[in-house]
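Asks: The structure follows.
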Amino acid sequence: MLQRSIARAICLSNLTGRHGSKACRRSRVVRASPAAAGSLRAYAGAAKPQSVPLRNLSETFIDGTSANYVEEMYDQWLKDPSSVHASWAAYFKNVESGAPLGAGYAVPPTIASANLFPTPTGVPQPSASAAPNEQILLDHMKLMLLIRAYQVRGHVLSKIDPLELMPRERPPELQIGTYGFSEVDLDREFFLSGKLLSGVLSGPKPKRPLREIIRILEQTYCGSIGVEYMHIQDRLRSNWIRERFETEEKYQLSKEQKINLIDRLAWATLFEQFLSKKFATAKRFGLDGCEVMIPGMKELIDHAADLGVSNVVIGMAHRGRLNVLANVVRKPLAQIFHEFAHGSSAPTEEWGATGDVKYHLGTSYDRPTRSGKKIHLSLLANPSHLEAVNPVVEGKARAKQYYLGDHDFSKVMSIQIHGDASVAGQGVVYETVNLSGVPHNTTGGTIHIVINNQIGFTTDPHLSRGGMYCTDVMKGAGAPIFHVNADDPEAVIQVCRLAVEWRQTFKKDVVIDLVCYRRFGHNEMDMPHFTQPLMYKKIDAQPTVMSKYAEKLVAEGIVTKADVDAIQARCMAAYNQGHEESKVYVPKSSDWLESVWKGFKSPAQRALIKNTGVPIPTLKTVGKTLTNLPAGFTVHPNILRLLNQKQQMIETGKGIDWATAEALAFGSLLLEGFHVRIAGQDVERGTFSHRHAVLVDQNTGQRHTPLNNIPGQKEKITVVNSALSEFAELGFELGYSLENPNALVLWEAQFGDFVNGAQIIIDQFISAGEQKWFRQSGLVMLLPHGYEGAGPEHSSCRVERFLQSSDQDPDVFPTLNDEETVQRHNWTVANCSTPGNYFHILRRQIHREYRKPLVIVSPKSLLKHRLCKSDIDVFDDTGDDTRFQSVIGESSTDLAAPEKIKRVIFCTGKVFYELYEEREKRKMKDIAIVRVEQLAPFPFHAVAAQIAKYPKAEITWCQEEPKNMGAWFFTSQCLRTTIRKVRSTAEPSVRYFGRGPSASPAVASHERHEHEQKGLVADALTL
């Protein structure tokens, strides 16, 4: 980016046609030798600076911002020559006239006598001769480069490290000698053009001495705050930052604000000290060394409430989580201390839950602010997989915005708290930041707070990242980055307030980099002196920020030592009281569930599942909408043919295919008032061109979503063609599903095996989230799967992994019925073989009194298979099949009597159709085929009924996946358990038909695939 910006232009000496294209003319760069290294003589650089012609001046520090500055003026000049200062107008005119490189800086005779730098009355004017005017012009341009250097690189000299570990040398571009200035020039006055600059340098003073200019720049960019904002590609936003930083005087807090700040610092500091004394041997991942984050966050949230925010969703890792829970989100102290003493405050009897360690847990709370407002805070639970919660936070925030009608993103705000090593090292950070600019994923700007320990576990920063700052990844989102010394509380308050104002103004991401230290190592049991002895010698000698700030306020006369002692005594009294109350604390589920989830049942409470059928007139209303097009809307001829086929399906009620069944499920839920959101790569059309949920006019590009045009619908569907990401996208949709149970939220993988890119979300949040954190989710994952010769990468969704993570014991035949069993276990894994069953399982996600994740092994070739159809009466709300069928028994009516059946083939998914067609081709009557549609929780009772139906039959399992993959290892145990129960057999046997073990999911050769596929089907049908 640096070199690209340089290449764009500083020297505009070749702007005319004779020197090539406009782009080429802009790419000429002034080159020169670097200035001498800096010294302590302020900003003087070389001892005897010479007047350096601009044509020879090097701008080695440029990252494009000075180029942008000159380009902006040039563009303005092209439109209106009077809009820029006369000196620049003269220069541009010169180079437009064809002046060679460097000659443009000589003032043409036609304007040599012009008054280029007007001064107030009484101030002597410079000589009208060409040489003085030329020098004034050159010095003015050099000053502009110096100013730009501070704006771009001033942060390099900022005093942001409380430990002062790495001394920073003044770079040449921040030395005045680089520009030909010396100490004798410090009292010279320079004209500053108000039209082209923003901030204090464009203020009421038309001229300022160089000394004052540098003082303002040093105060702004080289103090306790180092600001990076010149990478932002929007001039208005850059100027907004500049105007708030380049101020005459340093930012000051009022007396009331300072007292409030020391109070909040005391609560944060003494919380950690209290825990260290009461629970000396417990890991707590304390905030020691960055206690200032607590008052910073509280100020940020208070200010956000004043600016209209009513909901904040927070995600963070474990460092400082307990302090945030106690002092920001206000989780009851008794509950926190109970978790230290007893390990968990989980309502285990009601939820059958494992719980999680105290520094992974979350909570929610309606928090009052200083100004009397209330703001709802949600801190999400997070595993030790750092940064994994980031997309979940964004999804939950986006869902809140949807349900609150917060279309301008002013009411709901997200905060992500990062670690320095993880924010630079974890790829999900970039994936999530990228979503901030995507229409269906943006939450209107996230405030990122980095707890910058300046170390990752035991790894130094230079070994864990390539850039200067851990926050460099955030520049891709155009976010301003405020690096701030965490031992300067007032500076922290300043940037926290500014961050909220930025977010509320521009609805864009912003970063607060709290440069701090970690007083006790990675955790309190760690010995960091082993690996960072020099760093920890400094830390050992470092007083707390609270003590330093208290001394400062006492010295200023803001508070007395007695005042500070009283604040500390009040804090300790509250912590002691909470500790006493923790001894009698009784966990309850209301501590965990948000109000919108009230009424939903825990795994141990009896819940009802309603019929999922829909009246035929309603289905036809939805179906008709699928084929109705707006007047004048032109679809592709192939799509028109599909719509005509769909219309025939609805009118006749025959041969409804997969995509139509899905649309009927979605549409019927919308009519009932349930929101539907489906996201994933290519979901509008569908990877296999089957869904076409969004139609595009072939002439105008206009887009039409039929399911948002159903007469009488109460809710909307959101169809999201997502970014090419699995980790962040799946996490986002999970977060969306967590907010409200009355929505069907689906994520579809482009191909099923791509889901492995989101394995952390699956393992840590989806499969175990309810047991660890008592958070239910009805998220649906659609994972295309099927062996059709596509090769190793596009055949398997690795269903075996989901079955392995299912918490059902395959060796125990349950006493509960199959529906009750679903409620007791962590998720459902299904492989539907008919559109009708797919319709019912989708609607079942909503029409029950609890929520469970649903993994659907979705088809590919079956989407358009001639036999994979359902008639409309299967979708109806009358009859015996008005619910999802976990097992579909033999469908043929001309087989031998059940007692004469020699073999029962249990299978799931696509392979059923191949077995069925081959059996019909062979005219076999003594083999029954049974489809297990729900793999987990295994439907023991339904399968037992099928085994009992065929008392003499051999029980087998057939699959197309390799033996060490697919459902075999899970279902074989379940089948043996069922046979043992039904047939009272001590050593039940289940025979396997399918591919042999393999490291790769599938073969690459289509010919070999066909050979294997035909072979396993033939084996299964050979007695």
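For the structure tokens, the naming scheme is as follows: chains receive sequential letters (A, B, ...) according to their order of presentation, residues are indexed from 1 within each chain, and ligands are indexed from 1 in presentation order.
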Taking 6 positions as the minimum chain separation for residues in the same chain, which residues sit within 12 Å of range 792-797 of chain A when counting only C-alpha atoms? Answer as a ChimeraX atom specification.
Replies: /A:687,748-757,759,781-786,803,829,831,855-861,910,959-962,965-967,998-1006,1009
Asks: Suppose we keep C-alpha atoms; can you now write the selection as a CSV table (one decimal), in the first residue's frame?
Replies:
```csv
chain,number,residue,atom,x,y,z
A,687,THR,CA,-24.8,-23.9,-5.7
A,748,GLU,CA,-25.6,-23.4,3.7
A,749,ALA,CA,-22.1,-24.5,2.8
A,750,GLN,CA,-21.2,-24.3,-0.9
A,751,PHE,CA,-20.1,-27.9,-0.6
A,752,GLY,CA,-20.4,-29.9,2.5
A,753,ASP,CA,-16.7,-30.5,3.1
A,754,PHE,CA,-16.1,-26.7,3.2
A,755,VAL,CA,-17.7,-26.7,6.6
A,756,ASN,CA,-14.4,-27.9,8.1
A,757,GLY,CA,-13.2,-24.3,7.8
A,759,GLN,CA,-14.8,-26.4,12.8
A,781,MET,CA,-26.7,-26.1,8.7
A,782,LEU,CA,-27.2,-27.3,5.2
A,783,LEU,CA,-24.2,-29.3,4.0
A,784,PRO,CA,-24.4,-30.7,0.5
A,785,HIS,CA,-23.2,-34.3,0.4
A,786,GLY,CA,-23.3,-37.2,-2.0
A,803,LEU,CA,-22.2,-38.0,14.8
A,829,VAL,CA,-28.2,-34.8,12.4
A,831,ASN,CA,-30.2,-36.9,6.0
A,855,VAL,CA,-27.3,-30.5,10.8
A,856,ILE,CA,-28.9,-31.5,7.4
A,857,VAL,CA,-26.8,-33.7,5.2
A,858,SER,CA,-28.4,-32.1,2.1
A,859,PRO,CA,-28.5,-33.6,-1.3
A,860,LYS,CA,-26.9,-32.7,-4.6
A,861,SER,CA,-28.2,-35.0,-7.4
A,910,LYS,CA,-29.1,-40.7,-1.8
A,959,GLN,CA,-23.5,-46.5,2.8
A,960,GLU,CA,-21.6,-44.9,-0.1
A,961,GLU,CA,-18.9,-43.3,2.2
A,962,PRO,CA,-15.7,-45.2,3.2
A,965,MET,CA,-16.4,-42.3,7.5
A,966,GLY,CA,-20.1,-41.8,7.1
A,967,ALA,CA,-22.6,-43.0,9.6
A,998,SER,CA,-9.8,-44.6,3.1
A,999,ALA,CA,-7.8,-41.6,4.1
A,1000,SER,CA,-9.5,-39.5,1.4
A,1001,PRO,CA,-13.3,-39.2,1.3
A,1002,ALA,CA,-13.5,-40.1,-2.4
A,1003,VAL,CA,-11.6,-41.1,-5.5
A,1004,ALA,CA,-10.8,-38.6,-8.2
A,1005,SER,CA,-11.5,-40.8,-11.2
A,1006,HIS,CA,-15.1,-40.8,-12.2
A,1009,HIS,CA,-16.2,-44.0,-8.7
```
Asks: Determine which residues of range 224-304 of chain A receive a DSSP assignment of alpha helix (DSSP H), computed from the backbone, and state them as an MDAnalysis selection string.
Replies: chainID A and resid 235:245 255:278 293:304
Asks: List the neighbours of range 447-457 of chain A out to 8 Å using only C-alpha atoms; skip same-chain residues closer than 4 positions along the sequence, and give me the result as a list in words.
Replies: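 Counting only the stated atoms, we get Cys290, Ser414, Ile415, Gln416, Ile417, His418, Gly419, Asp420, Ala421, Ser422, Val423, Pro461, Ser464, Ala499, Val500, Arg503, Asp509, Val510, Val511, Ile512, Asp513, Leu514, Val515, Cys516, Tyr517, Arg518, Gly521 and His522 of chain A.
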Asks: Those selected residues, please, written with N, CA and C atoms and delivered as an mmCIF file, in the first residue's frame.
Replies:
```cif
data_model
loop_
_atom_site.group_PDB
_atom_site.id
_atom_site.type_symbol
_atom_site.label_atom_id
_atom_site.label_comp_id
_atom_site.auth_asym_id
_atom_site.auth_seq_id
_atom_site.Cartn_x
_atom_site.Cartn_y
_atom_site.Cartn_z
ATOM 1 N N CYS A 290 -3.850 -3.501 33.135
ATOM 2 C CA CYS A 290 -4.727 -2.813 32.182
ATOM 3 C C CYS A 290 -6.062 -2.479 32.849
ATOM 4 N N SER A 414 -21.832 -2.977 18.756
ATOM 5 C CA SER A 414 -21.028 -4.128 19.188
ATOM 6 C C SER A 414 -19.645 -3.664 19.622
ATOM 7 N N ILE A 415 -19.117 -4.353 20.625
ATOM 8 C CA ILE A 415 -17.761 -4.114 21.122
ATOM 9 C C ILE A 415 -17.020 -5.443 21.107
ATOM 10 N N GLN A 416 -15.847 -5.459 20.506
ATOM 11 C CA GLN A 416 -14.987 -6.635 20.548
ATOM 12 C C GLN A 416 -13.710 -6.278 21.301
ATOM 13 N N ILE A 417 -13.368 -7.119 22.270
ATOM 14 C CA ILE A 417 -12.148 -6.903 23.054
ATOM 15 C C ILE A 417 -11.143 -7.988 22.678
ATOM 16 N N HIS A 418 -10.008 -7.571 22.186
ATOM 17 C CA HIS A 418 -9.006 -8.479 21.631
ATOM 18 C C HIS A 418 -7.757 -8.523 22.511
ATOM 19 N N GLY A 419 -6.953 -9.540 22.281
ATOM 20 C CA GLY A 419 -5.591 -9.573 22.789
ATOM 21 C C GLY A 419 -4.643 -9.175 21.689
ATOM 22 N N ASP A 420 -3.471 -8.671 22.050
ATOM 23 C CA ASP A 420 -2.555 -8.188 21.021
ATOM 24 C C ASP A 420 -2.036 -9.307 20.126
ATOM 25 N N ALA A 421 -1.718 -10.453 20.711
ATOM 26 C CA ALA A 421 -1.197 -11.549 19.891
ATOM 27 C C ALA A 421 -2.298 -12.167 19.038
ATOM 28 N N SER A 422 -3.473 -12.304 19.601
ATOM 29 C CA SER A 422 -4.556 -12.967 18.865
ATOM 30 C C SER A 422 -5.139 -12.085 17.777
ATOM 31 N N VAL A 423 -5.219 -10.783 18.002
ATOM 32 C CA VAL A 423 -5.815 -9.927 16.979
ATOM 33 C C VAL A 423 -4.939 -9.906 15.726
ATOM 34 N N PRO A 461 6.489 -9.644 20.624
ATOM 35 C CA PRO A 461 5.744 -9.162 19.452
ATOM 36 C C PRO A 461 6.469 -9.359 18.124
ATOM 37 N N SER A 464 5.695 -12.618 16.620
ATOM 38 C CA SER A 464 4.303 -13.022 16.409
ATOM 39 C C SER A 464 3.574 -12.209 15.354
ATOM 40 N N ALA A 499 -14.094 7.391 20.125
ATOM 41 C CA ALA A 499 -14.442 6.183 19.376
ATOM 42 C C ALA A 499 -15.953 6.053 19.219
ATOM 43 N N VAL A 500 -16.686 6.339 20.280
ATOM 44 C CA VAL A 500 -18.148 6.261 20.206
ATOM 45 C C VAL A 500 -18.691 7.313 19.238
ATOM 46 N N ARG A 503 -18.091 6.157 15.724
ATOM 47 C CA ARG A 503 -18.997 5.073 15.347
ATOM 48 C C ARG A 503 -20.409 5.582 15.085
ATOM 49 N N ASP A 509 -16.109 0.885 11.743
ATOM 50 C CA ASP A 509 -15.274 0.335 12.802
ATOM 51 C C ASP A 509 -14.257 1.360 13.295
ATOM 52 N N VAL A 510 -13.845 1.187 14.542
ATOM 53 C CA VAL A 510 -12.825 2.037 15.147
ATOM 54 C C VAL A 510 -12.066 1.189 16.159
ATOM 55 N N VAL A 511 -10.772 1.490 16.358
ATOM 56 C CA VAL A 511 -9.907 0.660 17.187
ATOM 57 C C VAL A 511 -9.279 1.481 18.306
ATOM 58 N N ILE A 512 -9.347 0.942 19.520
ATOM 59 C CA ILE A 512 -8.637 1.505 20.673
ATOM 60 C C ILE A 512 -7.587 0.479 21.096
ATOM 61 N N ASP A 513 -6.343 0.829 20.929
ATOM 62 C CA ASP A 513 -5.232 -0.068 21.262
ATOM 63 C C ASP A 513 -4.673 0.353 22.618
ATOM 64 N N LEU A 514 -5.084 -0.343 23.671
ATOM 65 C CA LEU A 514 -4.631 -0.029 25.028
ATOM 66 C C LEU A 514 -3.264 -0.668 25.261
ATOM 67 N N VAL A 515 -2.231 0.110 25.140
ATOM 68 C CA VAL A 515 -0.876 -0.420 25.309
ATOM 69 C C VAL A 515 -0.597 -0.487 26.810
ATOM 70 N N CYS A 516 -0.426 -1.688 27.307
ATOM 71 C CA CYS A 516 -0.355 -1.910 28.750
ATOM 72 C C CYS A 516 0.698 -2.976 29.051
ATOM 73 N N TYR A 517 0.479 -3.738 30.078
ATOM 74 C CA TYR A 517 1.369 -4.846 30.410
ATOM 75 C C TYR A 517 0.576 -5.865 31.205
ATOM 76 N N ARG A 518 1.152 -7.014 31.398
ATOM 77 C CA ARG A 518 0.490 -8.132 32.072
ATOM 78 C C ARG A 518 1.276 -8.397 33.351
ATOM 79 N N GLY A 521 1.943 -12.398 34.258
ATOM 80 C CA GLY A 521 2.151 -13.416 33.248
ATOM 81 C C GLY A 521 0.846 -13.870 32.627
ATOM 82 N N HIS A 522 0.928 -14.953 31.870
ATOM 83 C CA HIS A 522 -0.254 -15.426 31.140
ATOM 84 C C HIS A 522 -1.411 -15.700 32.082
#
```
Asks: Mind pulling up the distance from CA of Gly613 in chain A to CA of Gly879 in chain A?
Replies: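 CA of Gly879 in chain A sits 9.3 Å away from CA of Gly613 in chain A.
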Asks: Rank nothing, just name the residue among A:Gly445, A:Pro543, A:Gly680, A:Gly557 nearest to Val720 in chain A, using only C-alpha atoms.
Replies: A:Gly680
Asks: Given only C-alpha atoms as the basis, pick out the residue of A:Thr612, A:Arg321, A:Gly667, A:Gln151 nearest to Glu243 in chain A.
Replies: A:Gln151
Asks: So that I can check the surroundings of range 981-984 of chain A, please list as a PyMOL selection string every protein, DNA and RNA residue that reaches within 10 Å of it, counting only C-alpha atoms and ignoring chain neighbours fewer than 6 positions away.
Replies: chain A and resi 812-813+940-941+943-948+951-952+975
Asks: Once DSSP has gone over the backbone, tell me which residues of range 948-998 of chain A are in strand (DSSP E), as a PyMOL selection string.
Replies: chain A and resi 954-962+991-995
Asks: Check the smallest atom-to-atom distance from each of A:Asp139, A:Glu228, A:Val328, A:Gly889 to Thr471 in chain A using only C-alpha atoms, then report the winner.
Replies: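 Checking each of A:Asp139, A:Glu228, A:Val328, A:Gly889 against Thr471 in chain A, counting only C-alpha atoms, the winner is A:Glu228.
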Asks: Would you pick out the contacts of range 636-641 of chain A at 12 Å or less, using only C-alpha atoms, so that residues sharing its chain but fewer than 4 positions from it are not included, and give the list as a ChimeraX atom specification?
Replies: /A:626-629,645-648,685,689-699,701
Asks: Between A:Pro81, A:Gly223, A:Gly395, A:Pro937, which has the minimum distance to Tyr736 in chain A (counting only C-alpha atoms)?
Replies: A:Gly395
Asks: Have a look at A:Asn576, A:Asn709, A:Thr1022, A:Ser725 and name the one nearest to Ala334 in chain A; count only C-alpha atoms.
Replies: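 Checking each candidate against Ala334 in chain A, we get A:Asn576 as the closest.
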Asks: Between A:Ser182, A:Gln175, A:Thr652, A:Asn323, single out the one closest to Ile872 in chain A, counting only C-alpha atoms.
Replies: A:Thr652
Asks: Excluding same-chain residues fewer than 5 positions from Asn260 in chain A, what lies within 10 Å of it counting only C-alpha atoms, as JSON, numbers by chain?
Replies: {"A": [254, 255, 265, 266, 295, 299, 370]}
Asks: Restricting the output to all heavy atoms, write the selected residues as a PDB file, in the first residue's frame.
Replies:
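Result file is out_2.pdb:
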```pdb
ATOM      1  N   SER A 254     -13.148  17.410  33.360  1.00  0.00           N
ATOM      2  CA  SER A 254     -13.629  18.265  34.431  1.00  0.00           C
ATOM      3  C   SER A 254     -13.296  17.632  35.776  1.00  0.00           C
ATOM      4  O   SER A 254     -12.927  16.452  35.867  1.00  0.00           O
ATOM      5  CB  SER A 254     -15.141  18.459  34.317  1.00  0.00           C
ATOM      6  OG  SER A 254     -15.816  17.222  34.575  1.00  0.00           O
ATOM      7  N   LYS A 255     -13.445  18.395  36.829  1.00  0.00           N
ATOM      8  CA  LYS A 255     -13.195  17.867  38.171  1.00  0.00           C
ATOM      9  C   LYS A 255     -14.102  16.683  38.452  1.00  0.00           C
ATOM     10  O   LYS A 255     -13.652  15.650  38.986  1.00  0.00           O
ATOM     11  CB  LYS A 255     -13.418  18.970  39.212  1.00  0.00           C
ATOM     12  CG  LYS A 255     -13.213  18.505  40.649  1.00  0.00           C
ATOM     13  CD  LYS A 255     -13.410  19.646  41.643  1.00  0.00           C
ATOM     14  CE  LYS A 255     -13.224  19.134  43.076  1.00  0.00           C
ATOM     15  NZ  LYS A 255     -13.395  20.230  44.072  1.00  0.00           N
ATOM     16  N   LEU A 265     -11.506   3.478  38.582  1.00  0.00           N
ATOM     17  CA  LEU A 265     -10.205   2.799  38.627  1.00  0.00           C
ATOM     18  C   LEU A 265     -10.067   1.986  39.907  1.00  0.00           C
ATOM     19  O   LEU A 265      -9.505   0.880  39.906  1.00  0.00           O
ATOM     20  CB  LEU A 265      -9.078   3.825  38.541  1.00  0.00           C
ATOM     21  CG  LEU A 265      -8.498   4.148  37.168  1.00  0.00           C
ATOM     22  CD1 LEU A 265      -7.471   5.254  37.288  1.00  0.00           C
ATOM     23  CD2 LEU A 265      -7.891   2.906  36.520  1.00  0.00           C
ATOM     24  N   ALA A 266     -10.574   2.520  40.997  1.00  0.00           N
ATOM     25  CA  ALA A 266     -10.482   1.809  42.275  1.00  0.00           C
ATOM     26  C   ALA A 266     -11.279   0.514  42.225  1.00  0.00           C
ATOM     27  O   ALA A 266     -10.813  -0.544  42.679  1.00  0.00           O
ATOM     28  CB  ALA A 266     -10.976   2.706  43.398  1.00  0.00           C
ATOM     29  N   PRO A 295     -12.796   1.646  33.531  1.00  0.00           N
ATOM     30  CA  PRO A 295     -13.373   2.988  33.396  1.00  0.00           C
ATOM     31  C   PRO A 295     -13.507   3.437  31.947  1.00  0.00           C
ATOM     32  O   PRO A 295     -14.438   4.165  31.600  1.00  0.00           O
ATOM     33  CB  PRO A 295     -12.406   3.886  34.180  1.00  0.00           C
ATOM     34  CG  PRO A 295     -11.168   3.096  34.361  1.00  0.00           C
ATOM     35  CD  PRO A 295     -11.576   1.661  34.373  1.00  0.00           C
ATOM     36  N   GLU A 299     -17.065   4.536  30.452  1.00  0.00           N
ATOM     37  CA  GLU A 299     -17.237   5.846  29.820  1.00  0.00           C
ATOM     38  C   GLU A 299     -17.760   5.689  28.399  1.00  0.00           C
ATOM     39  O   GLU A 299     -18.648   6.438  27.953  1.00  0.00           O
ATOM     40  CB  GLU A 299     -15.897   6.584  29.800  1.00  0.00           C
ATOM     41  CG  GLU A 299     -15.970   7.995  29.235  1.00  0.00           C
ATOM     42  CD  GLU A 299     -16.755   8.942  30.126  1.00  0.00           C
ATOM     43  OE1 GLU A 299     -16.747   8.756  31.366  1.00  0.00           O
ATOM     44  OE2 GLU A 299     -17.379   9.887  29.580  1.00  0.00           O
ATOM     45  N   ARG A 370     -24.633   7.159  33.982  1.00  0.00           N
ATOM     46  CA  ARG A 370     -24.507   8.347  34.827  1.00  0.00           C
ATOM     47  C   ARG A 370     -25.572   9.388  34.511  1.00  0.00           C
ATOM     48  O   ARG A 370     -25.988  10.141  35.384  1.00  0.00           O
ATOM     49  CB  ARG A 370     -23.127   8.983  34.637  1.00  0.00           C
ATOM     50  CG  ARG A 370     -22.007   8.248  35.324  1.00  0.00           C
ATOM     51  CD  ARG A 370     -20.840   9.178  35.653  1.00  0.00           C
ATOM     52  NE  ARG A 370     -20.533  10.118  34.600  1.00  0.00           N
ATOM     53  CZ  ARG A 370     -19.680   9.891  33.617  1.00  0.00           C
ATOM     54  NH1 ARG A 370     -19.058   8.738  33.536  1.00  0.00           N
ATOM     55  NH2 ARG A 370     -19.430  10.824  32.712  1.00  0.00           N
TER      56      ARG A 370
END
```
Asks: Distance CA of Leu192 in chain A-CA of Pro171 in chain A, one decimal place?
Replies: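 Computing it gives 24.3 Å between the two atoms.
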Asks: Would you mind reading off the distance between CA of Leu862 in chain A and CA of Ala723 in chain A, one decimal, in Å?
Replies: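 Taking CA of Leu862 in chain A and CA of Ala723 in chain A, their separation equals 26.5 Å.
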